[in-house]
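> Sharing query_29.txt (compact mmCIF, C-alpha atoms) below.
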```txt
# COMPACT_ATOMS: atom_id res chain seq x y z
CA MET A 1 -30.46 56.18 -55.84
CA SER A 2 -32.53 54.52 -53.09
CA LEU A 3 -35.92 56.16 -52.70
CA LEU A 4 -37.78 55.89 -49.43
CA ALA A 5 -41.46 55.06 -49.68
CA LYS A 6 -44.31 54.16 -47.40
CA ASP A 7 -45.88 50.78 -48.08
CA PRO A 8 -49.63 51.47 -48.08
CA THR A 9 -50.44 47.78 -47.87
CA ARG A 10 -48.84 47.63 -44.42
CA PHE A 11 -50.62 50.40 -42.51
CA ALA A 12 -53.75 52.48 -42.04
CA GLU A 13 -53.54 56.14 -41.14
CA THR A 14 -55.75 59.01 -40.09
CA ARG A 15 -55.34 62.68 -39.31
CA ILE A 16 -57.11 63.99 -36.22
CA GLU A 17 -56.57 67.58 -35.17
CA ASP A 18 -52.79 68.18 -35.41
CA GLU A 19 -51.83 64.53 -35.13
CA THR A 20 -51.32 61.74 -37.65
CA VAL A 21 -52.07 58.30 -36.25
CA VAL A 22 -50.66 55.28 -38.08
CA MET A 23 -51.47 51.67 -37.29
CA SER A 24 -49.46 48.67 -38.46
CA LEU A 25 -51.92 46.28 -40.08
CA GLU A 26 -49.65 43.39 -39.15
CA THR A 27 -49.23 44.02 -35.43
CA GLY A 28 -51.94 46.53 -34.57
CA ASP A 29 -49.31 48.83 -33.03
CA PHE A 30 -50.02 52.55 -33.13
CA PHE A 31 -47.69 55.41 -34.04
CA SER A 32 -48.70 58.90 -33.04
CA LEU A 33 -46.92 61.42 -35.24
CA THR A 34 -46.60 65.13 -34.64
CA GLY A 35 -44.03 67.78 -35.47
CA THR A 36 -40.91 66.54 -37.27
CA ALA A 37 -42.06 62.91 -37.29
CA GLN A 38 -45.25 63.95 -39.04
CA ALA A 39 -43.27 65.97 -41.59
CA ILE A 40 -40.98 63.01 -42.31
CA TRP A 41 -43.97 60.70 -42.73
CA ARG A 42 -45.52 63.11 -45.22
CA LEU A 43 -42.29 63.31 -47.23
CA LEU A 44 -41.86 59.53 -47.53
CA ASP A 45 -43.68 59.46 -50.85
CA GLY A 46 -41.21 57.48 -52.96
CA THR A 47 -39.72 60.52 -54.69
CA ARG A 48 -36.83 61.19 -52.28
CA ASP A 49 -33.75 59.36 -51.07
CA ARG A 50 -32.24 60.01 -47.65
CA ALA A 51 -30.29 63.05 -48.79
CA ALA A 52 -33.29 64.66 -50.46
CA LEU A 53 -35.41 63.93 -47.40
CA LEU A 54 -32.88 65.60 -45.11
CA SER A 55 -32.60 68.54 -47.45
CA ALA A 56 -36.37 69.05 -47.60
CA LEU A 57 -36.71 68.82 -43.83
CA ALA A 58 -33.78 71.14 -43.22
CA GLU A 59 -35.30 73.73 -45.50
CA SER A 60 -38.78 73.55 -44.01
CA HIS A 61 -37.51 73.61 -40.41
CA GLY A 62 -34.75 76.19 -40.87
CA VAL A 63 -31.97 73.89 -39.66
CA THR A 64 -28.98 72.14 -41.21
CA ALA A 65 -29.27 68.64 -42.66
CA ASP A 66 -26.44 67.45 -40.41
CA GLY A 67 -28.26 68.82 -37.39
CA ILE A 68 -31.31 66.61 -37.91
CA ALA A 69 -29.70 63.57 -39.56
CA ALA A 70 -29.47 61.47 -36.40
CA GLU A 71 -33.08 62.08 -35.43
CA VAL A 72 -34.32 61.35 -38.95
CA ASP A 73 -32.25 58.18 -39.27
CA SER A 74 -33.55 56.92 -35.95
CA PHE A 75 -37.16 57.49 -36.98
CA ILE A 76 -36.62 55.91 -40.42
CA ASP A 77 -35.09 52.86 -38.72
CA GLU A 78 -38.12 52.63 -36.44
CA LEU A 79 -40.53 52.78 -39.38
CA ARG A 80 -38.48 50.25 -41.32
CA ALA A 81 -38.41 47.86 -38.33
CA ALA A 82 -42.18 48.15 -38.13
CA GLY A 83 -42.39 47.26 -41.82
CA LEU A 84 -44.13 50.50 -42.74
CA ILE A 85 -41.62 51.75 -45.29
CA SER A 86 -39.43 50.24 -47.94
CA THR A 87 -36.56 51.33 -50.16
CA VAL A 88 -37.36 51.66 -53.85
CA ARG A 89 -34.48 51.56 -56.33
CA MET B 1 -115.68 71.84 -27.70
CA THR B 2 -111.99 71.19 -27.94
CA ALA B 3 -110.20 68.01 -27.09
CA ALA B 4 -106.62 67.68 -26.08
CA LEU B 5 -104.73 65.24 -28.21
CA ALA B 6 -102.23 63.21 -26.24
CA VAL B 7 -99.10 62.87 -28.32
CA SER B 8 -96.27 60.70 -27.11
CA PRO B 9 -92.78 61.89 -27.96
CA PRO B 10 -91.23 59.80 -30.71
CA VAL B 11 -89.06 56.96 -29.48
CA HIS B 12 -85.45 57.23 -30.63
CA PRO B 13 -84.81 54.58 -33.33
CA ALA B 14 -81.92 53.03 -31.40
CA LEU B 15 -84.04 52.70 -28.25
CA ALA B 16 -86.86 51.14 -30.24
CA LEU B 17 -84.39 48.75 -31.83
CA MET B 18 -82.97 47.62 -28.49
CA ALA B 19 -86.42 47.24 -26.99
CA ARG B 20 -87.44 45.07 -29.94
CA GLU B 21 -84.27 43.01 -30.06
CA THR B 22 -84.09 42.27 -26.31
CA ARG B 23 -87.52 40.71 -26.06
CA VAL B 24 -87.22 37.34 -24.33
CA ARG B 25 -88.89 34.02 -24.90
CA HIS B 26 -88.16 30.80 -23.05
CA GLY B 27 -87.10 27.76 -25.02
CA VAL B 28 -84.34 25.36 -25.87
CA VAL B 29 -81.02 27.00 -26.67
CA PRO B 30 -78.78 25.33 -29.26
CA ARG B 31 -75.54 23.77 -28.12
CA ALA B 32 -73.48 25.12 -31.01
CA LEU B 33 -73.18 28.13 -33.28
CA GLY B 34 -71.97 27.77 -36.86
CA GLY B 35 -70.77 24.25 -36.11
CA HIS B 36 -68.78 25.34 -33.07
CA GLU B 37 -69.76 23.75 -29.77
CA VAL B 38 -70.22 26.28 -26.95
CA GLY B 39 -69.59 24.74 -23.55
CA ARG B 40 -70.41 26.02 -20.09
CA ASP B 41 -68.80 29.32 -19.16
CA GLN B 42 -68.27 30.12 -22.84
CA TYR B 43 -69.82 32.38 -25.43
CA LEU B 44 -69.58 32.75 -29.18
CA LEU B 45 -70.59 35.68 -31.33
CA ALA B 46 -70.65 35.21 -35.08
CA GLY B 47 -72.31 37.56 -37.53
CA ASP B 48 -75.84 38.23 -36.37
CA ARG B 49 -75.92 35.47 -33.75
CA TYR B 50 -74.78 35.15 -30.15
CA LEU B 51 -74.73 32.07 -27.95
CA MET B 52 -73.80 32.13 -24.27
CA ARG B 53 -73.76 29.31 -21.76
CA ALA B 54 -72.99 30.44 -18.20
CA ALA B 55 -71.27 28.26 -15.64
CA ASP B 56 -74.47 28.16 -13.59
CA GLY B 57 -76.45 26.59 -16.47
CA ILE B 58 -78.19 29.73 -17.75
CA ALA B 59 -78.08 29.75 -21.56
CA VAL B 60 -78.99 32.49 -24.04
CA HIS B 61 -79.26 32.47 -27.80
CA TYR B 62 -79.85 35.60 -29.84
CA ARG B 63 -80.32 36.14 -33.53
CA ARG B 64 -80.97 39.54 -35.06
CA GLY B 65 -84.63 40.00 -35.77
CA GLU B 66 -85.67 37.03 -33.63
CA GLY B 67 -84.91 38.29 -30.12
CA LEU B 68 -83.59 36.24 -27.24
CA THR B 69 -84.19 32.65 -26.35
CA LEU B 70 -83.55 31.91 -22.69
CA GLU B 71 -83.01 28.43 -21.24
CA LEU B 72 -82.88 28.21 -17.46
CA PRO B 73 -81.76 25.44 -15.13
CA ALA B 74 -84.11 24.31 -12.38
CA MET B 75 -84.08 26.78 -9.48
CA ALA B 76 -82.37 29.51 -11.47
CA ASP B 77 -81.94 32.63 -9.38
CA PRO B 78 -83.79 35.54 -11.09
CA ARG B 79 -81.02 37.91 -9.98
CA ASP B 80 -78.43 35.84 -11.85
CA VAL B 81 -80.60 35.83 -14.98
CA ALA B 82 -81.07 39.59 -14.81
CA LEU B 83 -77.34 40.14 -14.35
CA TRP B 84 -76.56 38.25 -17.56
CA LEU B 85 -79.35 39.81 -19.59
CA ASN B 86 -78.53 43.35 -18.48
CA GLY B 87 -74.77 42.94 -18.88
CA SER B 88 -72.94 40.76 -21.39
CA VAL B 89 -76.02 39.79 -23.38
CA TYR B 90 -77.22 43.39 -23.68
CA ALA B 91 -73.75 44.47 -24.88
CA ALA B 92 -73.60 41.68 -27.44
CA ILE B 93 -77.03 42.53 -28.86
CA ALA B 94 -76.05 46.19 -29.09
CA ALA B 95 -72.87 45.29 -30.96
CA ILE B 96 -74.67 42.97 -33.38
CA ASN B 97 -77.06 45.81 -34.20
CA GLY B 98 -74.35 48.34 -35.00
CA LEU B 99 -74.20 50.09 -31.65
CA LEU B 100 -70.95 50.37 -29.71
CA PRO B 101 -70.96 49.25 -26.07
CA ILE B 102 -68.24 50.82 -23.93
CA HIS B 103 -67.17 49.73 -20.46
CA ALA B 104 -68.23 52.84 -18.58
CA SER B 105 -70.61 54.30 -16.01
CA ALA B 106 -72.09 57.71 -16.67
CA VAL B 107 -74.08 60.61 -15.25
CA THR B 108 -75.87 63.47 -16.98
CA TRP B 109 -75.71 67.19 -16.51
CA GLN B 110 -77.72 69.71 -18.49
CA GLY B 111 -78.65 67.23 -21.16
CA ARG B 112 -75.24 65.76 -21.85
CA VAL B 113 -73.57 62.52 -20.79
CA HIS B 114 -70.33 62.40 -18.83
CA ALA B 115 -68.87 58.90 -18.76
CA PHE B 116 -66.23 57.27 -16.57
CA SER B 117 -64.19 54.36 -17.85
CA GLY B 118 -61.36 52.31 -16.45
CA PRO B 119 -60.42 48.81 -15.38
CA PRO B 120 -62.45 46.89 -12.78
CA GLY B 121 -61.97 48.50 -9.37
CA ALA B 122 -61.17 51.94 -10.80
CA GLY B 123 -64.30 53.35 -9.19
CA LYS B 124 -66.59 53.99 -12.16
CA SER B 125 -69.81 53.09 -10.38
CA THR B 126 -68.75 54.62 -7.06
CA LEU B 127 -68.03 57.96 -8.72
CA ALA B 128 -71.30 57.89 -10.67
CA ALA B 129 -73.16 57.15 -7.42
CA ALA B 130 -71.37 59.92 -5.56
CA LEU B 131 -72.10 62.46 -8.30
CA GLY B 132 -75.76 61.56 -7.92
CA ALA B 133 -75.58 63.18 -4.50
CA GLY B 134 -74.57 66.32 -6.38
CA ALA B 135 -77.82 66.21 -8.38
CA MET B 136 -76.37 64.50 -11.44
CA PRO B 137 -78.78 61.75 -12.53
CA LEU B 138 -77.43 58.32 -13.37
CA PHE B 139 -77.28 57.54 -17.08
CA CYS B 140 -75.85 54.03 -17.01
CA ASP B 141 -73.80 51.69 -14.88
CA ASP B 142 -70.94 49.62 -16.28
CA THR B 143 -72.09 49.55 -19.91
CA LEU B 144 -72.56 52.67 -22.00
CA VAL B 145 -74.06 52.05 -25.43
CA LEU B 146 -73.13 54.55 -28.14
CA ASP B 147 -75.05 55.24 -31.34
CA LEU B 148 -72.49 56.31 -33.94
CA SER B 149 -74.94 56.84 -36.77
CA GLY B 150 -75.61 60.38 -37.86
CA GLU B 151 -73.41 63.43 -37.81
CA GLY B 152 -72.29 65.57 -34.91
CA ALA B 153 -72.12 64.46 -31.31
CA VAL B 154 -72.16 60.75 -30.59
CA GLN B 155 -75.46 59.78 -29.00
CA CYS B 156 -75.78 57.62 -25.88
CA LEU B 157 -78.53 55.14 -24.99
CA PRO B 158 -79.64 55.23 -21.34
CA GLY B 159 -78.65 52.16 -19.37
CA HIS B 160 -79.88 50.25 -16.39
CA ARG B 161 -81.62 51.99 -13.53
CA ARG B 162 -79.56 50.83 -10.57
CA LEU B 163 -75.89 50.98 -9.68
CA LYS B 164 -73.89 47.95 -8.59
CA LEU B 165 -71.44 48.73 -5.81
CA TRP B 166 -69.26 46.91 -3.32
CA PRO B 167 -70.22 47.83 0.26
CA ASP B 168 -67.14 50.03 0.67
CA GLY B 169 -67.99 51.83 -2.58
CA ALA B 170 -71.53 52.44 -1.36
CA ALA B 171 -70.15 53.86 1.88
CA LEU B 172 -67.82 56.20 -0.04
CA ALA B 173 -70.68 57.38 -2.22
CA GLY B 174 -72.89 57.90 0.82
CA ALA B 175 -75.45 55.45 -0.55
CA ALA B 176 -77.43 52.77 1.24
CA PRO B 177 -76.62 49.30 -0.16
CA GLY B 178 -79.69 47.34 -1.21
CA GLU B 179 -80.15 43.73 -2.27
CA GLN B 180 -77.26 41.59 -3.44
CA VAL B 181 -76.77 41.78 -7.21
CA ALA B 182 -76.63 38.02 -7.85
CA SER B 183 -76.19 34.81 -5.92
CA HIS B 184 -72.54 34.50 -6.91
CA TYR B 185 -71.74 38.22 -6.95
CA SER B 186 -71.76 40.11 -3.69
CA LYS B 187 -72.00 43.63 -5.04
CA ARG B 188 -75.14 45.43 -3.89
CA PHE B 189 -77.69 47.38 -5.85
CA VAL B 190 -77.87 51.08 -5.01
CA GLU B 191 -80.69 53.38 -6.05
CA PRO B 192 -79.35 56.52 -7.76
CA VAL B 193 -80.00 59.51 -5.50
CA ALA B 194 -80.65 61.95 -8.35
CA GLY B 195 -82.74 59.48 -10.33
CA THR B 196 -82.17 58.27 -13.86
CA VAL B 197 -82.61 59.53 -17.40
CA GLU B 198 -84.70 57.81 -20.05
CA ALA B 199 -83.71 59.87 -23.08
CA VAL B 200 -81.03 59.40 -25.70
CA LEU B 201 -78.47 62.15 -25.04
CA PRO B 202 -75.25 63.43 -26.63
CA LEU B 203 -71.93 62.36 -25.17
CA ALA B 204 -69.92 65.19 -23.62
CA ALA B 205 -66.79 63.27 -22.66
CA ILE B 206 -65.31 59.99 -21.53
CA HIS B 207 -63.04 60.33 -18.51
CA PHE B 208 -60.58 57.48 -17.92
CA LEU B 209 -60.01 56.94 -14.21
CA GLU B 210 -56.51 56.46 -12.87
CA PRO B 211 -54.71 57.00 -9.56
CA GLY B 212 -52.83 60.23 -8.94
CA GLU B 213 -51.43 62.31 -6.12
CA GLU B 214 -53.86 65.15 -6.73
CA PRO B 215 -57.07 65.47 -8.76
CA ARG B 216 -56.10 66.36 -12.30
CA LEU B 217 -57.68 66.27 -15.73
CA GLN B 218 -55.59 65.93 -18.89
CA PRO B 219 -56.86 65.78 -22.47
CA ILE B 220 -55.93 62.63 -24.37
CA SER B 221 -54.24 62.86 -27.76
CA ALA B 222 -55.90 61.40 -30.85
CA GLY B 223 -53.58 58.39 -30.97
CA GLU B 224 -54.21 57.55 -27.36
CA ARG B 225 -57.96 57.98 -27.84
CA ILE B 226 -57.87 55.33 -30.54
CA ALA B 227 -55.67 53.07 -28.43
CA ARG B 228 -57.95 53.45 -25.40
CA LEU B 229 -61.00 52.54 -27.46
CA GLN B 230 -59.17 49.55 -28.87
CA ASP B 231 -58.13 48.48 -25.36
CA ASP B 232 -61.72 48.32 -24.17
CA HIS B 233 -61.60 44.55 -24.57
CA TYR B 234 -64.89 44.09 -22.80
CA THR B 235 -66.76 45.42 -25.77
CA ALA B 236 -64.32 46.05 -28.61
CA GLU B 237 -64.03 42.35 -29.26
CA LEU B 238 -67.80 41.95 -29.34
CA PHE B 239 -68.18 44.76 -31.81
CA GLU B 240 -65.34 43.56 -34.01
CA ARG B 241 -66.72 40.04 -34.21
CA ALA B 242 -70.26 41.21 -34.78
CA ARG B 243 -69.36 43.48 -37.64
CA GLY B 244 -66.77 41.15 -39.17
CA LEU B 245 -64.36 44.05 -39.42
CA SER B 246 -60.84 43.82 -40.76
CA ARG B 247 -58.07 45.52 -38.78
CA ALA B 248 -58.07 48.44 -41.24
CA ASP B 249 -61.87 48.77 -41.00
CA ARG B 250 -61.68 48.72 -37.24
CA PHE B 251 -58.98 51.39 -37.24
CA ALA B 252 -61.04 53.63 -39.51
CA GLN B 253 -64.02 53.22 -37.24
CA LEU B 254 -62.10 53.95 -34.04
CA ALA B 255 -60.52 56.97 -35.71
CA ALA B 256 -63.96 58.28 -36.61
CA ILE B 257 -65.06 57.92 -32.98
CA ALA B 258 -61.84 59.46 -31.65
CA ALA B 259 -62.38 62.49 -33.87
CA ARG B 260 -65.89 63.00 -32.46
CA VAL B 261 -65.48 62.20 -28.76
CA SER B 262 -63.68 64.23 -26.12
CA MET B 263 -61.62 62.04 -23.77
CA THR B 264 -59.55 62.87 -20.74
CA ARG B 265 -57.35 61.15 -18.22
CA PHE B 266 -58.83 61.83 -14.79
CA ALA B 267 -56.24 61.24 -12.08
CA ARG B 268 -57.31 61.34 -8.42
CA PRO B 269 -56.19 59.90 -5.10
CA PHE B 270 -57.53 56.36 -4.64
CA ASP B 271 -57.17 56.73 -0.86
CA PRO B 272 -60.77 56.47 0.44
CA ALA B 273 -60.07 59.27 2.91
CA ARG B 274 -59.52 61.60 -0.08
CA PHE B 275 -62.39 60.34 -2.24
CA ARG B 276 -64.33 63.61 -1.89
CA GLU B 277 -61.48 65.62 -3.39
CA GLY B 278 -61.77 63.74 -6.68
CA ARG B 279 -65.56 63.80 -6.61
CA ASP B 280 -65.76 67.55 -6.01
CA PHE B 281 -63.08 68.24 -8.61
CA ILE B 282 -64.83 66.39 -11.42
CA ALA B 283 -68.25 67.69 -10.36
CA ASP B 284 -66.98 71.25 -10.77
CA ILE B 285 -65.50 70.41 -14.18
CA ILE B 286 -68.79 68.91 -15.35
CA ARG B 287 -70.85 71.84 -14.02
CA GLU B 288 -68.58 74.27 -15.81
CA GLY B 289 -68.99 72.31 -19.04
CA GLY B 290 -65.27 71.63 -19.17
CA ALA B 291 -63.29 68.95 -20.98
CA THR B 292 -65.38 69.15 -24.10
```
When written as structure tokens, how does the structure in this file appear?


Amino acid sequence: MSLLAKDPTRFAETRIEDETVVMSLETGDFFSLTGTAQAIWRLLDGTRDRAALLSALAESHGVTADGIAAEVDSFIDELRAAGLISTVR
Amino acid sequence: MTAALAVSPPVHPALALMARETRVRHGVVPRALGGHEVGRDQYLLAGDRYLMRAADGIAVHYRRGEGLTLELPAMADPRDVALWLNGSVYAAIAAINGLLPIHASAVTWQGRVHAFSGPPGAGKSTLAAALGAGAMPLFCDDTLVLDLSGEGAVQCLPGHRRLKLWPDGAALAGAAPGEQVASHYSKRFVEPVAGTVEAVLPLAAIHFLEPGEEPRLQPISAGERIARLQDDHYTAELFERARGLSRADRFAQLAAIAARVSMTRFARPFDPARFREGRDFIADIIREGGAT
């Protein structure tokens, strides 16, 4: 099982109003997270693999896992490319 | 017999600090800081020290607690000296002492500060001058110094007493251009119509100026607030160097400011013929206490 986890050595984050703002410590780039993106970010705690992540999101948002898979994969790829998350085995 | 006791209001600690730290003495300015040579048209800020050598030969050295040392070339133009001391040098000293200088001009209304930021040419000073005609006193021109200590609203230190405008900006604002700002800088000083403010006041909002088809005000999200503060290269770099902050420290600090300061994007036509539309729009917003 490959667990998805944020790498806290690679970013700084803050919550202001209804928005989570994440900055890459390597590049200084900002990510402004709201809605589903914010929920995904919160769930990337190293206890879930992709399937469990999709399942948790589907349940909390009242949708099917298949219905949100593409959007979630795209966001995960973006976070991985920015070096903010890693896969823990 | 009774005697009236004259009691002066207490001076705000940040104002007292800046008054103390900007005292000037004339002398020889070192050529290097921390082993790094500083040539003409260069500056270096490291820790609690700042060294600037202008292209015209004016040189300034500052060290916290010691004030400024000023070295002038023969026939230095007093206007040029004042421009340096009131601009870049003032901002650097503020940053070294834990204050945050922002590239903005500002007016006051009912005891609060409304600031305008944007790139050079965006019309910060022109708008501040024009709002003066609407009875909004000038708070600062070009550099707004923020005191982030304490809880609650961010406090602002009053800035310099005159606006600097290009002649066309003065015409738009309905102001009479005065003397030239400096020998190498053809902006003109303009006296603020509604006067100035001497007190430290809370910040109501920072409005970022940008062109638009119609006057419009939009709140800025938290992420963009942080990014906008980070993009204020004029002063962010000074502050970062002065405080020796890591990227994570800097982020935490900007986030703390973003959480406390209201910011908007203020779009308006840049066509001079429609200048009044933008002025009247923002004046109404400020009078109504909006955008906070």

> List as a PyMOL selection string the protein and nucleic acid residues near Ala16 in chain B, meaning an atom at most 12 Å away when all atoms listed in the file are counted, but skip any in the same chain fewer than 3 places from it.

chain B and resi 10-13+19-23+94+97+157+199-200

> Would you kindly return, as JSON, numbers by chain, each protein, DNA or RNA residue with an atom no farther than 12 Å from any atom of Thr9 in chain A, considering all atoms listed in the file and excluding same-chain residues fewer than 2 positions away?

{"A": [5, 6, 7, 11, 12, 13, 23, 24, 25, 26, 83, 84, 85, 86], "B": [248]}

> Counting only C-alpha atoms, what are the residues of chain B within 7 Å of chain A, and for each of them which pair of atoms is the nearest and at what distance in Å, to one decimal? Sort the table by chain and rising number, as CSV.


```
residue,atom,partner,partner_atom,distance
B:Ala222,CA,A:Ile16,CA,6.1
B:Gly223,CA,A:Ser32,CA,5.3
B:Arg247,CA,A:Leu25,CA,6.3
B:Ala248,CA,A:Ala12,CA,6.0
B:Ala255,CA,A:Thr14,CA,6.8
B:Ala259,CA,A:Ile16,CA,6.0
```

> What gap, in Å, lies between CA of Ser183 in chain B and CA of Leu44 in chain B?

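CA of Leu44 in chain B lies 24.3 Å from CA of Ser183 in chain B.
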
> Any idea what the distance is between CA of Leu4 in chain A and CA of Gly46 in chain A?

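These atoms are spaced 5.2 Å apart.
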
> What is the distance between CA of Thr34 in chain A and CA of Pro211 in chain B, in Å to one decimal?

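So the answer is 27.6 Å.
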
> Set the distance at 7 Å and use all atoms listed in the file: which residues neighbour Tyr50 in chain B once local chain neighbours fewer than 6 positions away are removed? I'd like the list as an NGL selection string.

:B and (44 or 61-63)

> So that I can check the surroundings of Leu44 in chain A, please list as a ChimeraX atom specification every protein, DNA and RNA residue that reaches within 12 Å of it, counting all atoms listed in the file and ignoring chain neighbours fewer than 5 positions away.

/A:2-8,37-39,49-50,52-54,56-57,72,75-76,79-80,84-88
